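Participant: So here's work-v6.txt (compact mmCIF, C-alpha atoms and all ligand atoms).
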```txt
# COMPACT_ATOMS: atom_id res chain seq x y z
CA MET A 290 2.80 -22.85 6.79
CA ALA A 291 4.28 -20.66 4.08
CA GLU A 292 4.18 -21.89 0.52
CA VAL A 293 6.59 -21.08 -2.31
CA LEU A 294 5.06 -20.83 -5.77
CA VAL A 295 7.21 -20.52 -8.89
CA VAL A 296 5.75 -19.04 -12.07
CA THR A 297 7.76 -20.52 -14.92
CA SER A 298 7.59 -21.37 -18.62
CA GLY A 299 10.91 -21.93 -20.33
CA LYS A 300 9.90 -19.77 -23.25
CA GLY A 301 10.16 -16.01 -22.98
CA GLY A 302 7.37 -13.51 -23.26
CA VAL A 303 4.48 -15.87 -22.56
CA GLY A 304 3.13 -13.95 -19.56
CA LYS A 305 5.10 -15.05 -16.47
CA THR A 306 5.56 -11.55 -15.07
CA THR A 307 1.97 -10.58 -15.86
CA THR A 308 0.87 -13.76 -14.10
CA SER A 309 3.19 -13.34 -11.09
CA ALA A 310 1.88 -9.79 -10.58
CA SER A 311 -1.75 -10.78 -10.82
CA ILE A 312 -1.55 -14.00 -8.82
CA SER A 313 0.35 -12.32 -5.99
CA THR A 314 -2.00 -9.32 -5.99
CA GLY A 315 -4.99 -11.66 -6.12
CA LEU A 316 -3.69 -13.64 -3.15
CA ALA A 317 -3.25 -10.38 -1.23
CA MET A 318 -6.79 -9.33 -2.22
CA ARG A 319 -7.94 -12.60 -0.68
CA GLY A 320 -6.24 -11.67 2.58
CA LYS A 321 -3.04 -13.71 2.22
CA LYS A 322 0.21 -12.10 3.21
CA THR A 323 2.19 -12.40 0.00
CA CYS A 324 5.66 -11.55 -1.26
CA VAL A 325 6.51 -11.63 -4.96
CA ILE A 326 10.17 -11.97 -5.97
CA ASP A 327 11.65 -10.98 -9.33
CA PHE A 328 14.29 -13.54 -10.36
CA ASP A 329 14.93 -11.88 -13.71
CA VAL A 330 18.26 -10.43 -12.59
CA GLY A 331 19.58 -7.98 -15.18
CA LEU A 332 16.21 -7.58 -16.92
CA ARG A 333 13.85 -6.69 -14.14
CA ASN A 334 10.25 -5.98 -15.12
CA LEU A 335 8.10 -7.00 -12.22
CA ASP A 336 8.58 -3.60 -10.53
CA LEU A 337 7.09 -1.92 -13.62
CA VAL A 338 4.12 -4.26 -13.82
CA MET A 339 3.52 -3.79 -10.08
CA GLY A 340 3.93 -0.02 -10.42
CA CYS A 341 6.72 0.38 -7.87
CA GLU A 342 9.74 1.03 -10.10
CA ARG A 343 10.46 4.41 -8.54
CA ARG A 344 10.63 2.96 -5.07
CA VAL A 345 13.36 0.39 -5.74
CA ILE A 346 16.42 1.06 -3.62
CA TYR A 347 17.82 -2.34 -2.74
CA ASP A 348 17.21 -5.66 -4.46
CA LEU A 349 17.45 -9.43 -4.11
CA ILE A 350 21.16 -9.48 -4.99
CA ASN A 351 21.94 -6.83 -2.36
CA VAL A 352 20.22 -9.03 0.21
CA ILE A 353 22.05 -12.18 -0.92
CA TYR A 354 25.41 -10.40 -0.65
CA LYS A 355 24.44 -8.80 2.65
CA GLU A 356 24.62 -5.27 1.32
CA ALA A 357 21.11 -4.70 2.65
CA ASN A 358 18.62 -6.32 5.01
CA LEU A 359 15.60 -8.08 3.68
CA SER A 360 13.37 -5.47 5.32
CA GLN A 361 15.23 -2.68 3.52
CA ALA A 362 14.77 -4.34 0.13
CA LEU A 363 11.11 -5.31 0.47
CA ILE A 364 8.73 -2.80 -1.11
CA LYS A 365 5.29 -2.54 0.41
CA ASP A 366 2.55 -2.37 -2.19
CA LYS A 367 0.62 0.91 -2.36
CA ARG A 368 -2.80 -0.68 -2.64
CA TYR A 369 -2.65 -3.81 -0.52
CA ASN A 370 -0.86 -3.66 2.79
CA ASN A 371 -0.27 -7.43 2.93
CA LEU A 372 1.60 -7.45 -0.39
CA TYR A 373 5.36 -6.94 -0.80
CA ILE A 374 7.70 -6.90 -3.78
CA LEU A 375 11.32 -8.00 -3.76
CA PRO A 376 12.85 -6.57 -6.93
CA ALA A 377 15.71 -7.97 -9.00
CA SER A 378 18.97 -6.19 -9.59
CA GLN A 379 19.24 -4.41 -12.92
CA THR A 380 23.03 -4.27 -13.05
CA LYS A 381 24.16 -7.76 -12.07
CA ASN A 382 23.55 -10.98 -13.98
CA LYS A 383 21.92 -14.27 -13.10
CA ASP A 384 25.10 -15.97 -11.94
CA ALA A 385 24.95 -13.71 -8.90
CA LEU A 386 22.05 -15.90 -7.70
CA THR A 387 23.46 -18.60 -5.46
CA LYS A 388 21.57 -21.55 -4.05
CA GLU A 389 22.69 -20.73 -0.51
CA GLY A 390 21.81 -17.05 -0.83
CA VAL A 391 18.38 -17.65 -2.32
CA GLY A 392 17.73 -20.35 0.27
CA ILE A 393 18.45 -17.99 3.14
CA VAL A 394 16.21 -15.27 1.70
CA ILE A 395 13.32 -17.67 1.14
CA ASP A 396 13.67 -19.20 4.60
CA GLU A 397 13.50 -15.76 6.14
CA LEU A 398 10.45 -14.80 4.07
CA LYS A 399 8.73 -18.05 5.05
CA LYS A 400 8.66 -16.91 8.67
CA ASP A 401 6.61 -13.89 7.78
CA PHE A 402 4.49 -14.64 4.72
CA ASP A 403 1.71 -17.02 3.67
CA TYR A 404 2.80 -17.12 0.04
CA ILE A 405 6.07 -16.42 -1.74
CA VAL A 406 5.63 -16.08 -5.49
CA CYS A 407 8.78 -16.41 -7.63
CA ASP A 408 8.69 -14.78 -11.06
CA SER A 409 11.10 -16.87 -13.14
CA PRO A 410 13.13 -15.52 -16.03
CA ALA A 411 12.88 -17.26 -19.40
CA GLY A 412 15.27 -20.08 -20.25
CA ILE A 413 16.47 -23.07 -18.26
CA GLU A 414 19.71 -21.61 -16.91
CA GLN A 415 20.79 -20.30 -13.53
CA GLY A 416 18.00 -17.73 -13.11
CA ALA A 417 15.18 -20.11 -13.96
CA GLU A 418 16.80 -22.86 -11.93
CA MET A 419 17.10 -20.66 -8.85
CA ALA A 420 13.51 -19.45 -9.18
CA MET A 421 12.17 -23.03 -9.14
CA TYR A 422 14.68 -24.64 -6.79
CA PHE A 423 12.87 -24.04 -3.49
CA ALA A 424 9.32 -24.24 -4.84
CA ASP A 425 6.49 -26.20 -3.27
CA LYS A 426 4.15 -25.49 -6.15
CA ALA A 427 4.67 -24.48 -9.75
CA LEU A 428 2.51 -22.59 -12.15
CA VAL A 429 3.55 -23.44 -15.70
CA VAL A 430 2.52 -20.63 -18.02
CA ALA A 431 1.95 -21.63 -21.63
CA ASN A 432 0.63 -19.97 -24.76
CA PRO A 433 -1.30 -21.97 -27.37
CA GLU A 434 1.79 -22.30 -29.57
CA THR A 435 4.01 -25.26 -30.41
CA SER A 436 7.22 -23.63 -29.17
CA SER A 437 5.68 -22.65 -25.86
CA ILE A 438 4.30 -26.14 -25.30
CA ARG A 439 7.58 -27.86 -26.02
CA ASP A 440 9.32 -25.51 -23.58
CA SER A 441 6.68 -26.14 -20.93
CA ASP A 442 7.23 -29.84 -21.38
CA ARG A 443 10.94 -29.33 -20.78
CA ILE A 444 10.30 -27.21 -17.69
CA ILE A 445 7.98 -29.86 -16.25
CA GLY A 446 10.87 -32.30 -16.57
CA LEU A 447 13.20 -29.95 -14.70
CA LEU A 448 10.67 -29.35 -11.92
CA SER A 449 10.71 -33.03 -11.17
CA SER A 450 14.48 -33.39 -11.26
CA LYS A 451 16.44 -30.22 -10.56
CA THR A 452 14.70 -28.89 -7.46
CA TYR A 453 15.20 -29.16 -3.72
CA ARG A 454 12.16 -31.40 -3.39
CA ALA A 455 13.40 -33.72 -6.14
CA GLU A 456 16.96 -33.86 -4.81
CA ASN A 457 15.84 -34.58 -1.26
CA ASP A 458 13.25 -37.27 -1.99
CA MET A 459 10.41 -35.13 -0.78
CA PRO A 460 6.89 -35.18 -2.23
CA PRO A 461 7.13 -33.64 -5.70
CA ILE A 462 6.32 -30.05 -6.56
CA LYS A 463 2.61 -29.64 -7.30
CA GLU A 464 2.42 -28.40 -10.84
CA SER A 465 -0.47 -26.71 -12.53
CA LEU A 466 -0.98 -25.18 -15.92
CA LEU A 467 -2.06 -21.66 -16.79
CA ILE A 468 -2.83 -21.05 -20.45
CA THR A 469 -2.55 -17.39 -21.36
CA ARG A 470 -3.20 -15.29 -24.47
CA TYR A 471 -5.95 -17.68 -25.47
CA ASN A 472 -8.22 -16.72 -28.30
CA PRO A 473 -11.41 -18.87 -28.40
CA SER A 474 -12.54 -17.65 -31.79
CA ARG A 475 -9.25 -18.66 -33.39
CA VAL A 476 -9.59 -22.05 -31.71
CA GLU A 477 -13.07 -22.41 -33.17
CA ASP A 478 -11.70 -21.58 -36.60
CA GLY A 479 -9.21 -24.40 -36.16
CA ASN A 480 -6.21 -22.12 -36.18
CA MET A 481 -5.18 -22.30 -32.54
CA LEU A 482 -4.50 -25.23 -30.25
CA SER A 483 -7.39 -25.76 -27.86
CA VAL A 484 -7.31 -26.01 -24.07
CA ASP A 485 -7.98 -29.74 -24.38
CA ASP A 486 -5.13 -30.22 -26.85
CA ILE A 487 -2.69 -28.45 -24.55
CA LYS A 488 -3.91 -30.32 -21.49
CA GLU A 489 -3.36 -33.58 -23.30
CA PHE A 490 0.18 -32.68 -24.31
CA LEU A 491 1.29 -31.50 -20.91
CA SER A 492 -0.90 -33.68 -18.67
CA ILE A 493 -0.75 -31.51 -15.57
CA PRO A 494 -3.90 -30.10 -13.95
CA LEU A 495 -5.28 -26.90 -15.45
CA LEU A 496 -5.51 -23.94 -13.08
CA GLY A 497 -6.90 -21.41 -15.50
CA VAL A 498 -7.20 -19.92 -18.95
CA VAL A 499 -6.50 -16.23 -19.49
CA PRO A 500 -7.73 -14.81 -22.77
CA GLU A 501 -5.76 -12.50 -25.03
CA CYS A 502 -6.93 -9.13 -23.80
CA GLN A 503 -6.13 -5.45 -24.41
CA SER A 504 -6.54 -4.72 -20.71
CA VAL A 505 -3.23 -6.53 -20.01
CA LEU A 506 -1.35 -3.84 -21.92
CA ASP A 507 -3.38 -1.10 -20.23
CA ALA A 508 -2.46 -2.67 -16.90
CA SER A 509 1.26 -2.75 -17.60
CA ASN A 510 1.10 0.79 -18.98
CA THR A 511 -0.32 2.05 -15.72
CA GLY A 512 1.51 -0.30 -13.36
CA VAL A 513 -1.64 -1.78 -11.85
CA PRO A 514 -1.83 -5.59 -12.14
CA VAL A 515 -4.70 -6.60 -14.40
CA VAL A 516 -6.36 -8.66 -11.66
CA SER A 517 -7.33 -5.36 -10.01
CA ASN A 518 -9.46 -4.59 -13.04
CA GLN A 519 -12.41 -6.86 -12.44
CA LYS A 520 -14.22 -5.37 -15.43
CA SER A 521 -11.76 -7.00 -17.79
CA ASP A 522 -11.86 -10.61 -18.96
CA ALA A 523 -8.19 -11.18 -18.12
CA GLY A 524 -8.71 -9.69 -14.65
CA GLN A 525 -11.61 -12.01 -13.97
CA ALA A 526 -9.74 -15.00 -15.37
CA TYR A 527 -6.79 -14.29 -13.05
CA MET A 528 -9.08 -13.92 -10.03
CA ASP A 529 -10.73 -17.25 -10.91
CA ALA A 530 -7.26 -18.81 -11.04
CA VAL A 531 -6.40 -17.36 -7.62
CA ASN A 532 -9.62 -18.73 -6.15
CA ARG A 533 -8.98 -22.16 -7.65
CA PHE A 534 -5.46 -22.01 -6.29
CA LEU A 535 -6.98 -21.44 -2.86
CA GLY A 536 -9.09 -24.54 -3.28
CA GLU A 537 -12.38 -23.32 -4.72
CA SER A 538 -13.88 -25.11 -7.67
CA ILE A 539 -14.99 -22.64 -10.27
CA PRO A 540 -15.96 -23.48 -13.85
CA MET A 541 -13.57 -22.33 -16.58
CA ARG A 542 -14.59 -19.14 -18.31
CA PHE A 543 -13.33 -17.45 -21.48
CA VAL A 544 -12.66 -20.79 -23.14
CA SER A 545 -15.34 -20.48 -25.79
CA ASN A 546 -17.13 -17.77 -27.68
CA GLU A 547 -20.03 -17.75 -25.27
CA LYS A 548 -21.40 -14.31 -25.96
CA LYS A 549 -23.57 -15.46 -28.82
CA GLY A 550 -26.31 -12.88 -28.41
CA PHE A 551 -28.26 -11.65 -31.40
CA TRP A 552 -25.90 -8.77 -32.06
CA ASN A 553 -22.83 -10.88 -31.72
CA ILE A 554 -24.09 -13.45 -34.16
CA LEU A 555 -24.83 -10.63 -36.59
CA LYS A 556 -21.48 -9.02 -35.95
CA GLY A 557 -19.79 -12.39 -36.38
CA LYS A 558 -21.53 -12.84 -39.72
CA PHE A 559 -20.33 -9.48 -40.93
CA THR A 560 -16.77 -9.92 -39.78
CA THR A 561 -16.44 -13.37 -41.32
CA SER A 562 -17.87 -12.22 -44.60
CA GLU A 563 -15.46 -9.32 -44.57
CA VAL A 564 -12.52 -11.62 -43.97
CA VAL A 565 -13.61 -14.08 -46.64
CA MET B 239 -4.52 -42.48 -51.81
CA PHE B 240 -4.85 -42.40 -48.09
CA SER B 241 -2.16 -39.80 -47.71
CA LYS B 242 -3.95 -37.68 -50.25
CA MET B 243 -7.09 -37.86 -48.19
CA PHE B 244 -5.21 -36.91 -45.08
CA SER B 245 -3.46 -33.95 -46.55
CA TRP B 246 -6.74 -32.69 -47.91
CA LYS B 247 -8.30 -33.08 -44.50
CA ASN B 248 -5.41 -31.30 -42.81
CA SER B 249 -5.40 -28.30 -45.05
CA ASN B 250 -9.06 -27.87 -44.41
CA LYS B 251 -8.80 -28.23 -40.66
CA GLY B 252 -6.72 -25.11 -40.14
CA SER B 253 -3.24 -24.76 -38.78
CA ALA B 254 -4.05 -26.12 -35.31
CA SER B 255 -4.13 -29.70 -36.57
CA ALA B 256 -0.66 -29.31 -38.04
CA ALA B 257 0.53 -28.00 -34.69
CA LYS B 258 -0.95 -31.02 -32.91
CA GLU B 259 0.68 -33.46 -35.28
CA ARG B 260 4.07 -31.86 -34.80
CA LEU B 261 3.78 -31.67 -31.04
CA GLN B 262 2.95 -35.35 -30.84
CA ILE B 263 6.57 -36.04 -31.79
CA ILE B 264 8.35 -33.56 -29.61
CA VAL B 265 6.42 -33.53 -26.35
CA SER B 266 7.32 -36.26 -23.95
CA HIS B 267 4.87 -36.07 -21.08
CA GLN B 268 1.55 -36.72 -22.66
CA GLY B 269 -0.37 -39.57 -21.15
CA LYS B 270 2.63 -40.52 -19.06
CA ASN B 271 3.40 -40.20 -15.43
CA ILE B 272 5.78 -37.29 -15.36
CA SER B 273 7.54 -38.22 -12.16
CA ASP B 274 8.77 -41.56 -13.48
CA GLU B 275 11.32 -39.85 -15.67
CA SER B 276 13.60 -36.92 -15.14
CA ASP B 277 14.26 -34.65 -18.05
CA ALA B 278 15.20 -37.35 -20.50
CA SER B 279 14.12 -36.10 -23.87
CA ASN B 280 11.38 -37.78 -25.77
CA TYR B 281 12.27 -41.05 -27.43
CA VAL B 282 10.15 -40.42 -30.49
CA GLU B 283 12.34 -37.49 -31.42
CA LYS B 284 15.43 -39.71 -31.12
CA LEU B 285 13.70 -42.53 -32.92
CA GLN B 286 12.92 -40.18 -35.77
CA SER B 287 16.50 -39.08 -36.25
CA GLU B 288 17.81 -42.63 -36.00
CA LEU B 289 15.25 -43.87 -38.51
CA ILE B 290 16.33 -41.15 -40.90
CA SER B 291 19.96 -42.19 -40.67
CA VAL B 292 19.09 -45.86 -41.22
CA ILE B 293 16.95 -45.10 -44.25
CA ALA B 294 19.62 -42.80 -45.61
CA LYS B 295 21.99 -45.79 -45.72
CA TYR B 296 19.88 -47.40 -48.43
CA VAL B 297 18.17 -44.56 -50.27
CA LYS B 298 19.08 -40.99 -50.78
CA VAL B 299 16.62 -39.10 -48.66
CA THR B 300 16.70 -35.81 -46.87
CA GLU B 301 15.26 -35.13 -43.46
CA ASP B 302 12.00 -33.70 -44.72
CA GLN B 303 11.32 -36.78 -46.84
CA VAL B 304 10.95 -38.92 -43.75
CA LYS B 305 8.01 -38.22 -41.50
CA VAL B 306 7.33 -39.98 -38.25
CA SER B 307 4.05 -39.34 -36.51
CA LEU B 308 2.53 -40.66 -33.36
CA GLU B 309 -1.21 -40.88 -33.17
CA ASN B 310 -2.94 -41.61 -29.89
CA SER B 311 -6.07 -43.68 -30.16
CA GLY B 312 -7.47 -44.66 -26.82
CA LYS B 313 -5.14 -47.05 -25.04
CA SER B 314 -2.63 -47.56 -27.79
CA SER B 315 -0.55 -45.27 -29.97
CA VAL B 316 0.09 -45.76 -33.65
CA LEU B 317 3.53 -44.92 -34.97
CA GLU B 318 3.34 -43.96 -38.60
CA LEU B 319 6.39 -43.78 -40.84
CA ASN B 320 6.14 -41.96 -44.16
CA VAL B 321 9.05 -42.04 -46.54
CA THR B 322 8.93 -40.13 -49.79
CA LEU B 323 11.26 -41.97 -52.12
CA PRO B 324 13.12 -39.93 -54.70
CA GLU B 325 11.97 -40.27 -58.31
CA ASN B 326 15.05 -42.10 -59.49
N1 LIG C 601 -3.49 -12.28 -21.65
C1 LIG C 601 -2.75 -11.41 -22.35
N2 LIG C 601 -3.33 -10.65 -23.33
C2 LIG C 601 -2.59 -9.77 -24.03
N3 LIG C 601 -1.29 -9.54 -23.84
C3 LIG C 601 -0.66 -10.24 -22.89
C4 LIG C 601 -1.35 -11.21 -22.09
N4 LIG C 601 -0.46 -11.76 -21.23
C5 LIG C 601 0.72 -11.16 -21.47
N5 LIG C 601 0.61 -10.26 -22.45
C6 LIG C 601 1.69 -9.39 -23.00
O1 LIG C 601 2.76 -10.21 -23.39
C7 LIG C 601 4.00 -9.60 -23.17
C8 LIG C 601 4.90 -10.48 -22.33
O2 LIG C 601 4.33 -10.64 -21.03
P1 LIG C 601 5.23 -10.87 -19.74
O3 LIG C 601 6.25 -9.80 -19.63
O4 LIG C 601 4.31 -11.10 -18.60
O5 LIG C 601 5.92 -12.23 -20.17
P2 LIG C 601 7.15 -12.98 -19.46
O6 LIG C 601 6.90 -14.43 -19.66
O7 LIG C 601 7.33 -12.49 -18.09
O8 LIG C 601 8.36 -12.49 -20.37
P3 LIG C 601 9.94 -12.75 -20.05
O9 LIG C 601 10.20 -14.17 -20.45
O10 LIG C 601 10.63 -11.77 -20.93
O11 LIG C 601 10.15 -12.51 -18.59
C9 LIG C 601 3.69 -8.27 -22.50
O12 LIG C 601 3.73 -7.26 -23.46
C10 LIG C 601 2.29 -8.47 -21.96
O13 LIG C 601 1.60 -7.25 -21.89
MG MG C 602 9.11 -11.75 -17.09
```
Now that the file is in, can you turn its structure into structure tokens?

Facilitator:
Amino acid sequence: MAEVLVVTSGKGGVGKTTTSASISTGLAMRGKKTCVIDFDVGLRNLDLVMGCERRVIYDLINVIYKEANLSQALIKDKRYNNLYILPASQTKNKDALTKEGVGIVIDELKKDFDYIVCDSPAGIEQGAEMAMYFADKALVVANPETSSIRDSDRIIGLLSSKTYRAENDMPPIKESLLITRYNPSRVEDGNMLSVDDIKEFLSIPLLGVVPECQSVLDASNTGVPVVSNQKSDAGQAYMDAVNRFLGESIPMRFVSNEKKGFWNILKGKFTTSEVV
Amino acid sequence: MFSKMFSWKNSNKGSASAAKERLQIIVSHQGKNISDESDASNYVEKLQSELISVIAKYVKVTEDQVKVSLENSGKSSVLELNVTLPEN
């Protein structure tokens, strides 16, 4: 049975597109037939992060308005043959997304795919609402910042009220939390909210913690989702999250400054004394 | 005296503790079952603004002179109200 996963946050720029790209690629790496949809109509980015921007011909809006078939709009990933991208339109705006239209597209995708990942735009308006409306599961992406946490809190409220499942008295959307851009050393200094703090505020299960990592920028520069780079911390953290999503229990990594080898302790001493 | 102690403690704890204190007011889902409520906004935030308007009826205070904080301690929460009264 196909499952629809929305990646959402309320706040902009917290890592939804990065996460959608890596979770969908990770699911494909694990052998799941996956389609990732960009709901950021007017400001599409997912194609860039997935490295397929030059192959976009038709988009989600074309399919909704029957200007193209679904099969014409779906872009097959270059690296994984069970991964497809459905891009957003760059010229229209979010009001072009209709409940009926999106519903038809998702129903059709459900026949063919194991997972449908919906990359939500920021905000709580039409675009975000359409991205979450048909979801079975939700991944709430949050940064360790007050504004991001308040917005996540708001989004969690909407997931349990303004969605198909909520409106039709079905079992609620299964929500989980993904904390991104986490910096354990700043947490240890007392200058960043900790994983435990955030978990307490949002009280939904934690799927993973992705550290702040240079390799994320490298990945978007090259158009290869960071999960493909298993040498990087963020890549490993995303793969852990994918495996947990598929039911494995894996301990959290990158939540503390573990690498306290001799050299690191020394290095730490020098850097702190420099700062002070 | 107590407030002095607290502010000293806070400034030494780094900015994360300030973030926690502020979030306690504005986030509605902590420790609660999320599904029992739709997207009704948090009552503490409303309570804070209503308290301010009530206090303002009797003394001249501005918004930042009234601080409401919610502290979770085990099973119960403590609501703390701090009003800085003007000099005269
Ligand atoms: N773990 C990370 N480490 C470092 N940089 C990151 C990390 N995650 C995301 N970023 C960077 O943050 C920026 C925003 O990421 P992204 O585009 O994924 O966010 P978004 O939530 O989709 O934004 P929008 O709301 O605009 O759609 C990008 O420049 C991205 O490279
Ligand atoms: Mg995005």

Participant: Do you have the atom CA of Val299 of chain B-atom CA of Ile438 of chain A distance handy?

Facilitator: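 Computing it gives 29.4 Å between the two atoms.
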
Participant: Could you check how far atom CA of Ala357 of chain A sits from atom CA of Ser378 of chain A, in Å to one decimal?

Facilitator: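 We find that atom CA of Ala357 of chain A and atom CA of Ser378 of chain A lie 12.5 Å from each other.
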
Participant: Report the distance between atom CA of Glu397 of chain A and atom CA of Ser517 of chain A in Å, rounded to one decimal place.

Facilitator: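 Straight-line distance from atom CA of Glu397 of chain A to atom CA of Ser517 of chain A works out to 28.3 Å.
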
Participant: 10 Å from ligand LIG 601 (chain C) is the threshold here; counting only C-alpha atoms and all ligand atoms, which polymer residues fall inside it? Answer as an mmCIF file with C-alpha atoms, in the coordinates of the input.

Facilitator:
```
data_model
loop_
_atom_site.group_PDB
_atom_site.id
_atom_site.type_symbol
_atom_site.label_atom_id
_atom_site.label_comp_id
_atom_site.auth_asym_id
_atom_site.auth_seq_id
_atom_site.Cartn_x
_atom_site.Cartn_y
_atom_site.Cartn_z
ATOM 1 C CA VAL A 296 5.750 -19.040 -12.070
ATOM 2 C CA THR A 297 7.760 -20.520 -14.920
ATOM 3 C CA SER A 298 7.590 -21.370 -18.620
ATOM 4 C CA GLY A 299 10.910 -21.930 -20.330
ATOM 5 C CA LYS A 300 9.900 -19.770 -23.250
ATOM 6 C CA GLY A 301 10.160 -16.010 -22.980
ATOM 7 C CA GLY A 302 7.370 -13.510 -23.260
ATOM 8 C CA VAL A 303 4.480 -15.870 -22.560
ATOM 9 C CA GLY A 304 3.130 -13.950 -19.560
ATOM 10 C CA LYS A 305 5.100 -15.050 -16.470
ATOM 11 C CA THR A 306 5.560 -11.550 -15.070
ATOM 12 C CA THR A 307 1.970 -10.580 -15.860
ATOM 13 C CA THR A 308 0.870 -13.760 -14.100
ATOM 14 C CA SER A 309 3.190 -13.340 -11.090
ATOM 15 C CA ALA A 310 1.880 -9.790 -10.580
ATOM 16 C CA SER A 311 -1.750 -10.780 -10.820
ATOM 17 C CA ASP A 327 11.650 -10.980 -9.330
ATOM 18 C CA PHE A 328 14.290 -13.540 -10.360
ATOM 19 C CA ASP A 329 14.930 -11.880 -13.710
ATOM 20 C CA LEU A 332 16.210 -7.580 -16.920
ATOM 21 C CA ARG A 333 13.850 -6.690 -14.140
ATOM 22 C CA ASN A 334 10.250 -5.980 -15.120
ATOM 23 C CA LEU A 335 8.100 -7.000 -12.220
ATOM 24 C CA LEU A 337 7.090 -1.920 -13.620
ATOM 25 C CA VAL A 338 4.120 -4.260 -13.820
ATOM 26 C CA ASP A 408 8.690 -14.780 -11.060
ATOM 27 C CA SER A 409 11.100 -16.870 -13.140
ATOM 28 C CA PRO A 410 13.130 -15.520 -16.030
ATOM 29 C CA ALA A 411 12.880 -17.260 -19.400
ATOM 30 C CA GLY A 412 15.270 -20.080 -20.250
ATOM 31 C CA VAL A 430 2.520 -20.630 -18.020
ATOM 32 C CA ALA A 431 1.950 -21.630 -21.630
ATOM 33 C CA ASN A 432 0.630 -19.970 -24.760
ATOM 34 C CA ILE A 468 -2.830 -21.050 -20.450
ATOM 35 C CA THR A 469 -2.550 -17.390 -21.360
ATOM 36 C CA ARG A 470 -3.200 -15.290 -24.470
ATOM 37 C CA TYR A 471 -5.950 -17.680 -25.470
ATOM 38 C CA ASN A 472 -8.220 -16.720 -28.300
ATOM 39 C CA VAL A 498 -7.200 -19.920 -18.950
ATOM 40 C CA VAL A 499 -6.500 -16.230 -19.490
ATOM 41 C CA PRO A 500 -7.730 -14.810 -22.770
ATOM 42 C CA GLU A 501 -5.760 -12.500 -25.030
ATOM 43 C CA CYS A 502 -6.930 -9.130 -23.800
ATOM 44 C CA GLN A 503 -6.130 -5.450 -24.410
ATOM 45 C CA SER A 504 -6.540 -4.720 -20.710
ATOM 46 C CA VAL A 505 -3.230 -6.530 -20.010
ATOM 47 C CA LEU A 506 -1.350 -3.840 -21.920
ATOM 48 C CA ASP A 507 -3.380 -1.100 -20.230
ATOM 49 C CA ALA A 508 -2.460 -2.670 -16.900
ATOM 50 C CA SER A 509 1.260 -2.750 -17.600
ATOM 51 C CA ASN A 510 1.100 0.790 -18.980
ATOM 52 C CA VAL A 515 -4.700 -6.600 -14.400
ATOM 53 C CA ASP A 522 -11.860 -10.610 -18.960
ATOM 54 C CA ALA A 523 -8.190 -11.180 -18.120
ATOM 55 C CA GLY A 524 -8.710 -9.690 -14.650
ATOM 56 C CA ALA A 526 -9.740 -15.000 -15.370
ATOM 57 C CA TYR A 527 -6.790 -14.290 -13.050
#
```

Participant: Give me, as a ChimeraX atom specification, the residues of chain A touching chain B, with the criterion being at most 8 Å (counting all atoms listed in the file).

Facilitator: /A:434-435,438-439,442-443,445-447,449-450,461,476,478-482,486,489-492

Participant: May I have the residues within 8 Å of Lys305 of chain B as JSON, numbers by chain, using all atoms listed in the file and disregarding those fewer than 4 positions away in the same chain?

Facilitator: {"B": [286, 318, 319, 320, 321]}

Participant: As JSON, what would the box around segment 327-336 of chain A look like: edges along x, y and z, 8 Å added on every side, centre and edge lengths in Å to one decimal?

Facilitator:
```
{"center_x": 13.8, "center_y": -8.6, "center_z": -13.1, "size_x": 27.5, "size_y": 25.9, "size_z": 23.6}
```

Participant: Do you know which residues are at most 9 Å from segment 340-344 of chain A counting only C-alpha atoms, after dropping those on the same chain fewer than 2 positions away, and could you put them as a list in words?

Facilitator: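 Residues near the query, excluding close chain neighbours: Asn334, Leu335, Asp336, Leu337, Val338, Ile346, Ile364, Lys365, Asp366, Lys367, Ile374, Pro376, Ser509, Thr511, Gly512, Val513 and Pro514 of chain A.
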
Participant: Can you tell me, as a list in words, what residues are no more than 8 Å from Thr452 of chain A when counting all atoms listed in the file, ignoring any on the same chain fewer than 3 positions away?

Facilitator: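 Near Thr452 of chain A, the qualifying residues are Glu418, Met421, Tyr422, Phe423, Ala424, Leu447, Leu448, Ser449, Ala455 and Glu456 of chain A.
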
Participant: So that I can check the surroundings of Leu285 of chain B, please list as a list in words every protein, DNA and RNA residue that reaches within 12 Å of it, counting all atoms listed in the file and ignoring chain neighbours fewer than 2 positions away.

Facilitator: Ile263, Ile264, Ser279, Asn280, Tyr281, Val282, Glu283, Ser287, Glu288, Leu289, Ile290, Ser291, Val292, Val304, Lys305, Val306, Ser307, Leu308, Leu317, Glu318 and Leu319 of chain B

Participant: Using all atoms listed in the file, can you tell me which of A:Leu375, A:Ala317, A:Ala417, A:Val391 comes closest to ligand MG 602 (chain C)?

Facilitator: A:Ala417

Participant: Considering only C-alpha atoms, return as an MDAnalysis selection string whatever protein or nucleic-acid residues lie within 8 Å of Glu464 of chain A, sequence-local ones (same chain, fewer than 5 positions apart) excluded.

Facilitator: chainID A and resid 426:429 445 493:494

Participant: Given the choices A:Ile395, A:Ala420, A:Cys324, A:Met318, which gets closest to ligand MG 602 (chain C) if the distance is worked out from only C-alpha atoms and all ligand atoms?

Facilitator: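 Between A:Ile395, A:Ala420, A:Cys324, A:Met318, the residue approaching ligand MG 602 (chain C) most closely is A:Ala420.
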
Participant: Go through A:Ser465, A:Asn371, A:Gln525, A:Asn532 one by one, measure the shortest atom-to-atom distance of each to Asp425 of chain A using only C-alpha atoms, and give the residue with the smallest value.

Facilitator: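 Answer, going by the shortest atom-to-atom distance: A:Ser465.
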